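J.: What follows is data29.tsv, TSV, C-alpha atoms.
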```tsv
chain	number	residue	atom	x	y	z
L	1	MET	CA	0.00	0.00	0.00
L	2	LYS	CA	2.80	2.44	0.88
L	3	ARG	CA	4.54	1.68	-2.40
L	4	LEU	CA	1.37	2.58	-4.31
L	5	HIS	CA	1.17	5.98	-2.59
L	6	CYS	CA	4.85	6.68	-3.35
L	7	TYR	CA	4.38	5.87	-7.05
L	8	HIS	CA	1.27	8.01	-7.14
L	9	LEU	CA	3.13	10.99	-5.65
L	10	LEU	CA	6.07	10.42	-8.00
L	11	PHE	CA	3.67	10.32	-10.97
L	12	LEU	CA	2.00	13.60	-9.91
L	13	PHE	CA	5.36	15.26	-9.33
L	14	ALA	CA	6.68	14.19	-12.75
L	15	PHE	CA	3.67	15.62	-14.57
L	16	SER	CA	3.88	18.87	-12.66
L	17	LEU	CA	7.47	19.32	-13.90
L	18	PHE	CA	6.82	18.11	-17.45
L	19	PRO	CA	3.27	18.93	-18.49
L	20	LEU	CA	1.64	16.92	-21.25
L	21	LYS	CA	1.44	18.61	-24.63
L	22	GLY	CA	-2.06	19.54	-25.67
L	23	PHE	CA	-3.14	20.44	-22.15
L	24	SER	CA	-3.11	24.07	-21.20
L	25	VAL	CA	-3.81	25.77	-17.94
L	26	THR	CA	-5.42	29.19	-18.02
L	27	TYR	CA	-4.93	31.53	-15.12
L	28	VAL	CA	-7.26	34.48	-14.72
L	29	VAL	CA	-5.69	37.41	-12.95
L	30	HIS	CA	-8.14	39.66	-11.18
L	31	PRO	CA	-6.82	43.12	-10.46
L	32	GLU	CA	-6.81	44.41	-6.93
L	33	TYR	CA	-9.31	47.15	-6.22
L	34	PRO	CA	-9.15	49.40	-3.18
L	35	ILE	CA	-12.27	49.33	-1.00
L	36	SER	CA	-12.87	53.02	-1.75
L	37	GLU	CA	-13.07	52.26	-5.49
L	38	ILE	CA	-15.55	49.40	-4.92
L	39	SER	CA	-17.68	51.65	-2.73
L	40	GLU	CA	-17.60	54.54	-5.22
L	41	TRP	CA	-18.38	52.31	-8.22
L	42	THR	CA	-21.34	50.70	-6.43
L	43	GLU	CA	-22.74	54.05	-5.25
L	44	GLN	CA	-22.46	55.55	-8.76
L	45	THR	CA	-23.98	52.48	-10.43
L	46	LEU	CA	-26.95	52.41	-8.07
L	47	MET	CA	-27.46	56.18	-8.34
L	48	VAL	CA	-27.40	56.14	-12.14
L	49	THR	CA	-29.81	53.20	-12.11
L	50	LEU	CA	-32.26	55.03	-9.86
L	51	THR	CA	-32.24	58.08	-12.13
L	52	ALA	CA	-31.88	56.37	-15.53
L	53	GLY	CA	-34.56	53.80	-14.78
L	54	PHE	CA	-37.23	56.36	-15.56
L	55	HIS	CA	-35.80	58.00	-18.67
L	56	ASP	CA	-37.35	57.51	-22.08
L	57	ASP	CA	-34.01	56.71	-23.71
L	58	ALA	CA	-33.87	52.92	-24.15
L	59	SER	CA	-30.12	52.94	-24.82
L	60	GLU	CA	-29.49	54.61	-21.47
L	61	ALA	CA	-31.55	51.96	-19.69
L	62	ALA	CA	-29.66	49.20	-21.54
L	63	ASN	CA	-26.34	50.79	-20.61
L	64	VAL	CA	-27.35	50.76	-16.94
L	65	ARG	CA	-28.53	47.15	-17.05
L	66	ARG	CA	-25.17	45.85	-18.28
L	67	HIS	CA	-23.73	46.46	-14.80
L	68	TYR	CA	-26.04	43.80	-13.32
L	69	LEU	CA	-26.18	40.04	-13.64
L	70	PRO	CA	-29.74	38.71	-14.11
L	71	ALA	CA	-30.14	37.66	-10.46
L	72	ALA	CA	-29.35	41.23	-9.39
L	73	TRP	CA	-31.40	42.96	-12.07
L	74	THR	CA	-34.64	41.14	-11.17
L	75	PRO	CA	-35.14	42.88	-7.77
L	76	MET	CA	-34.07	46.24	-9.22
L	77	GLU	CA	-36.55	45.85	-12.07
L	78	ALA	CA	-39.33	44.99	-9.58
L	79	PHE	CA	-38.46	48.06	-7.50
L	80	LEU	CA	-38.51	50.34	-10.57
L	81	ARG	CA	-41.72	48.80	-11.92
L	82	ASP	CA	-43.41	49.40	-8.57
L	83	LYS	CA	-42.54	53.13	-8.67
L	84	VAL	CA	-42.90	53.97	-12.37
L	85	HIS	CA	-46.65	54.70	-12.29
L	86	ARG	CA	-46.33	57.29	-9.52
L	87	ILE	CA	-43.28	58.89	-11.12
L	88	ASN	CA	-44.92	59.18	-14.53
L	89	GLU	CA	-48.24	60.34	-13.11
L	90	GLN	CA	-46.64	63.10	-11.03
L	91	HIS	CA	-43.88	63.88	-13.58
L	92	LEU	CA	-41.19	63.36	-10.94
L	93	THR	CA	-37.47	63.42	-11.51
L	94	LEU	CA	-35.65	61.36	-8.90
L	95	ASN	CA	-32.67	62.86	-7.13
L	96	PRO	CA	-31.33	60.06	-4.92
L	97	GLN	CA	-29.09	61.21	-2.09
L	98	PRO	CA	-26.54	58.67	-0.87
L	99	VAL	CA	-26.44	58.00	2.84
L	100	VAL	CA	-22.86	57.61	3.94
L	101	PRO	CA	-21.03	55.49	4.75
L	102	SER	CA	-21.43	52.43	2.61
L	103	ILE	CA	-20.17	49.30	4.30
L	104	VAL	CA	-17.85	47.11	2.28
L	105	THR	CA	-16.67	43.66	3.33
L	106	VAL	CA	-14.52	41.28	1.32
L	107	GLN	CA	-16.23	37.97	0.56
L	108	ASP	CA	-14.91	34.57	-0.57
L	109	CYS	CA	-16.40	33.87	-4.00
L	110	GLU	CA	-14.61	30.74	-5.20
L	111	GLY	CA	-11.80	32.13	-7.31
L	112	THR	CA	-13.05	35.60	-8.10
L	113	SER	CA	-12.82	38.79	-6.11
L	114	CYS	CA	-16.07	39.96	-4.58
L	115	TRP	CA	-17.34	42.40	-2.00
L	116	ARG	CA	-20.54	42.83	0.00
L	117	VAL	CA	-21.58	46.49	-0.22
L	118	HIS	CA	-24.36	48.11	1.81
L	119	GLN	CA	-25.43	51.41	0.31
L	120	ALA	CA	-28.51	53.44	1.24
L	121	PHE	CA	-30.19	56.33	-0.56
L	122	LEU	CA	-32.84	58.83	0.40
L	123	ILE	CA	-35.28	59.60	-2.39
L	124	PRO	CA	-37.04	62.80	-1.29
L	125	GLU	CA	-39.50	62.82	-4.20
L	126	LEU	CA	-40.91	59.47	-3.02
L	127	ARG	CA	-40.18	60.01	0.68
L	128	ASN	CA	-38.35	56.67	0.68
L	129	ARG	CA	-35.14	55.34	2.10
L	130	VAL	CA	-33.78	52.51	-0.03
L	131	ASP	CA	-31.18	50.18	1.46
L	132	PHE	CA	-29.24	48.11	-1.05
L	133	ASN	CA	-27.16	45.11	-0.10
L	134	ALA	CA	-25.12	44.22	-3.20
L	135	LEU	CA	-22.65	41.46	-3.95
L	136	VAL	CA	-20.15	43.05	-6.34
L	137	VAL	CA	-17.81	40.84	-8.39
L	138	THR	CA	-14.99	41.43	-10.84
L	139	ALA	CA	-16.12	41.25	-14.46
L	140	ASP	CA	-14.51	39.68	-17.48
L	141	PRO	CA	-12.16	42.25	-19.07
L	142	ALA	CA	-14.10	42.01	-22.35
L	143	HIS	CA	-17.26	43.16	-20.57
L	144	GLY	CA	-16.37	46.83	-20.64
L	145	SER	CA	-16.99	47.38	-16.95
L	146	PRO	CA	-14.49	46.31	-14.30
L	147	LEU	CA	-17.22	45.18	-11.90
L	148	LEU	CA	-20.72	43.70	-11.89
L	149	ILE	CA	-23.49	43.47	-9.32
L	150	GLN	CA	-24.12	39.75	-8.94
L	151	ARG	CA	-26.83	39.78	-6.26
L	152	LEU	CA	-28.97	42.57	-4.89
L	153	ASP	CA	-31.30	42.80	-1.91
L	154	ILE	CA	-33.47	45.88	-1.50
L	155	VAL	CA	-35.19	47.12	1.65
L	156	LEU	CA	-37.57	50.05	1.24
L	157	SER	CA	-38.85	52.22	4.06
L	158	ASP	CA	-40.88	55.42	4.17
L	159	TYR	CA	-39.73	58.50	6.04
```
Since I need it in another form, could you write the structure as structure tokens?

T.:
Amino acid sequence: MKRLHCYHLLFLFAFSLFPLKGFSVTYVVHPEYPISEISEWTEQTLMVTLTAGFHDDASEAANVRRHYLPAAWTPMEAFLRDKVHRINEQHLTLNPQPVVPSIVTVQDCEGTSCWRVHQAFLIPELRNRVDFNALVVTADPAHGSPLLIQRLDIVLSDY
């Protein structure tokens, strides 16, 4: 039994020194982002979403949506859909005001960098406080944005 383990280890060691042709290993390098940059990106993305969600320009809405994965866009879309009637009826323009500070914690996301960001906004026109809890991940470099919102929880309260 011991001999079998030794041969197994020797076999693994040999292939780690001399890799087989035809097999390639791809390493993805994720850049390091300072917490302040993650916080600022998330705040700006959420703020633009809250204001752009009610514009008539479809390209602007599509540009905003590209910063969200489908699981994160679904709750945002439900939030916007819930408010659109009142906003259109009263001809409101939203001016969200960020509540500082946002809380950022580093999370373990199985091989990719990710952060849990809590960001709140006051929306005076609706008399709402909106608390967002977002899981932000690094995006593929071809995506055009360095980060994406992977998951999003929204808590709404009146004030």

J.: Considering all atoms listed in the file, state which residue in the set L:Thr93, L:Glu32, L:Thr45, L:Arg66 is at the smallest distance from Gly144 of chain L.

T.: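 Ranked by minimum distance to Gly144 of chain L, first place goes to L:Arg66.
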
J.: Could you tell me which of L:Ser36, L:His67, L:Ala134, L:Arg86 comes closest to Pro146 of chain L if we count all atoms listed in the file?

T.: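 That would be L:His67, the residue with the smallest distance to Pro146 of chain L.
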
J.: To one decimal place, how far is atom CA of Ile87 of chain L from atom CA of Leu126 of chain L in Å?

T.: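 Distance reported for this atom pair: 8.5 Å.
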
J.: Between L:Glu125, L:Asp82, L:Glu77, L:Asp140, which one has atoms that come closest to Leu152 of chain L, using all atoms listed in the file?

T.: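 Smallest separation from Leu152 of chain L among the options: L:Glu77.
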
J.: Quick check, in Å to one decimal: how far apart do atom CA of Pro98 of chain L and atom CA of Pro141 of chain L lie?

T.: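 Separation of atom CA of Pro98 of chain L and atom CA of Pro141 of chain L: 28.4 Å.
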
J.: Take atom CA of Glu110 of chain L and atom CA of Leu148 of chain L and report the distance between them in Å, one decimal.

T.: 15.8 Å

J.: Pick out the closest residue to Pro124 of chain L from this set: L:Leu94, L:Val106, L:Val136, L:Val84. Count all atoms listed in the file.

T.: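 Among the listed residues, L:Leu94 lies closest to Pro124 of chain L.
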
J.: Given 6 Å on each side, where is the centre and what are the edge lengths in Å to one decimal of the axis-aligned box enclosing the listed atoms of segment 102-112 of chain L, as AutoDock Vina command-line options?

T.:
```
--center_x -16.6 --center_y 41.6 --center_z -1.9 --size_x 21.6 --size_y 33.7 --size_z 24.4
```

J.: Return the single residue from L:Thr42, L:Asn133, L:Val64, L:Arg127 that is closest to Arg151 of chain L, with distances computed using only C-alpha atoms.

T.: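 Of L:Thr42, L:Asn133, L:Val64, L:Arg127, the one nearest Arg151 of chain L, counting only C-alpha atoms, is L:Asn133.
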
J.: Which is closest to Ala120 of chain L among L:Gln44, L:Thr74, L:Gln107, L:Asn63, if we use all atoms listed in the file?

T.: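 Among L:Gln44, L:Thr74, L:Gln107, L:Asn63, it is L:Gln44 that comes nearest to Ala120 of chain L.
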
J.: Within 10 Å of (-31.9, 43.0, -10.7), all atoms listed in the file: residues as a PDB file with C-alpha atoms, in the frame of the given file?

T.:
```
ATOM      1  CA  ARG L  65     -28.530  47.150 -17.050  1.00  0.00           C
ATOM      2  CA  HIS L  67     -23.730  46.460 -14.800  1.00  0.00           C
ATOM      3  CA  TYR L  68     -26.040  43.800 -13.320  1.00  0.00           C
ATOM      4  CA  LEU L  69     -26.180  40.040 -13.640  1.00  0.00           C
ATOM      5  CA  PRO L  70     -29.740  38.710 -14.110  1.00  0.00           C
ATOM      6  CA  ALA L  71     -30.140  37.660 -10.460  1.00  0.00           C
ATOM      7  CA  ALA L  72     -29.350  41.230  -9.390  1.00  0.00           C
ATOM      8  CA  TRP L  73     -31.400  42.960 -12.070  1.00  0.00           C
ATOM      9  CA  THR L  74     -34.640  41.140 -11.170  1.00  0.00           C
ATOM     10  CA  PRO L  75     -35.140  42.880  -7.770  1.00  0.00           C
ATOM     11  CA  MET L  76     -34.070  46.240  -9.220  1.00  0.00           C
ATOM     12  CA  GLU L  77     -36.550  45.850 -12.070  1.00  0.00           C
ATOM     13  CA  ALA L  78     -39.330  44.990  -9.580  1.00  0.00           C
ATOM     14  CA  PHE L  79     -38.460  48.060  -7.500  1.00  0.00           C
ATOM     15  CA  LEU L  80     -38.510  50.340 -10.570  1.00  0.00           C
ATOM     16  CA  ILE L 149     -23.490  43.470  -9.320  1.00  0.00           C
ATOM     17  CA  GLN L 150     -24.120  39.750  -8.940  1.00  0.00           C
ATOM     18  CA  ARG L 151     -26.830  39.780  -6.260  1.00  0.00           C
ATOM     19  CA  LEU L 152     -28.970  42.570  -4.890  1.00  0.00           C
ATOM     20  CA  ASP L 153     -31.300  42.800  -1.910  1.00  0.00           C
ATOM     21  CA  ILE L 154     -33.470  45.880  -1.500  1.00  0.00           C
TER      22      ILE L 154
END
```

J.: Find the residues around Val104 of chain L up to 8 Å (all atoms listed in the file counted), leave out those fewer than 4 positions away in its own chain, and share them as a ChimeraX atom specification.

T.: /L:35,38-39,115-118
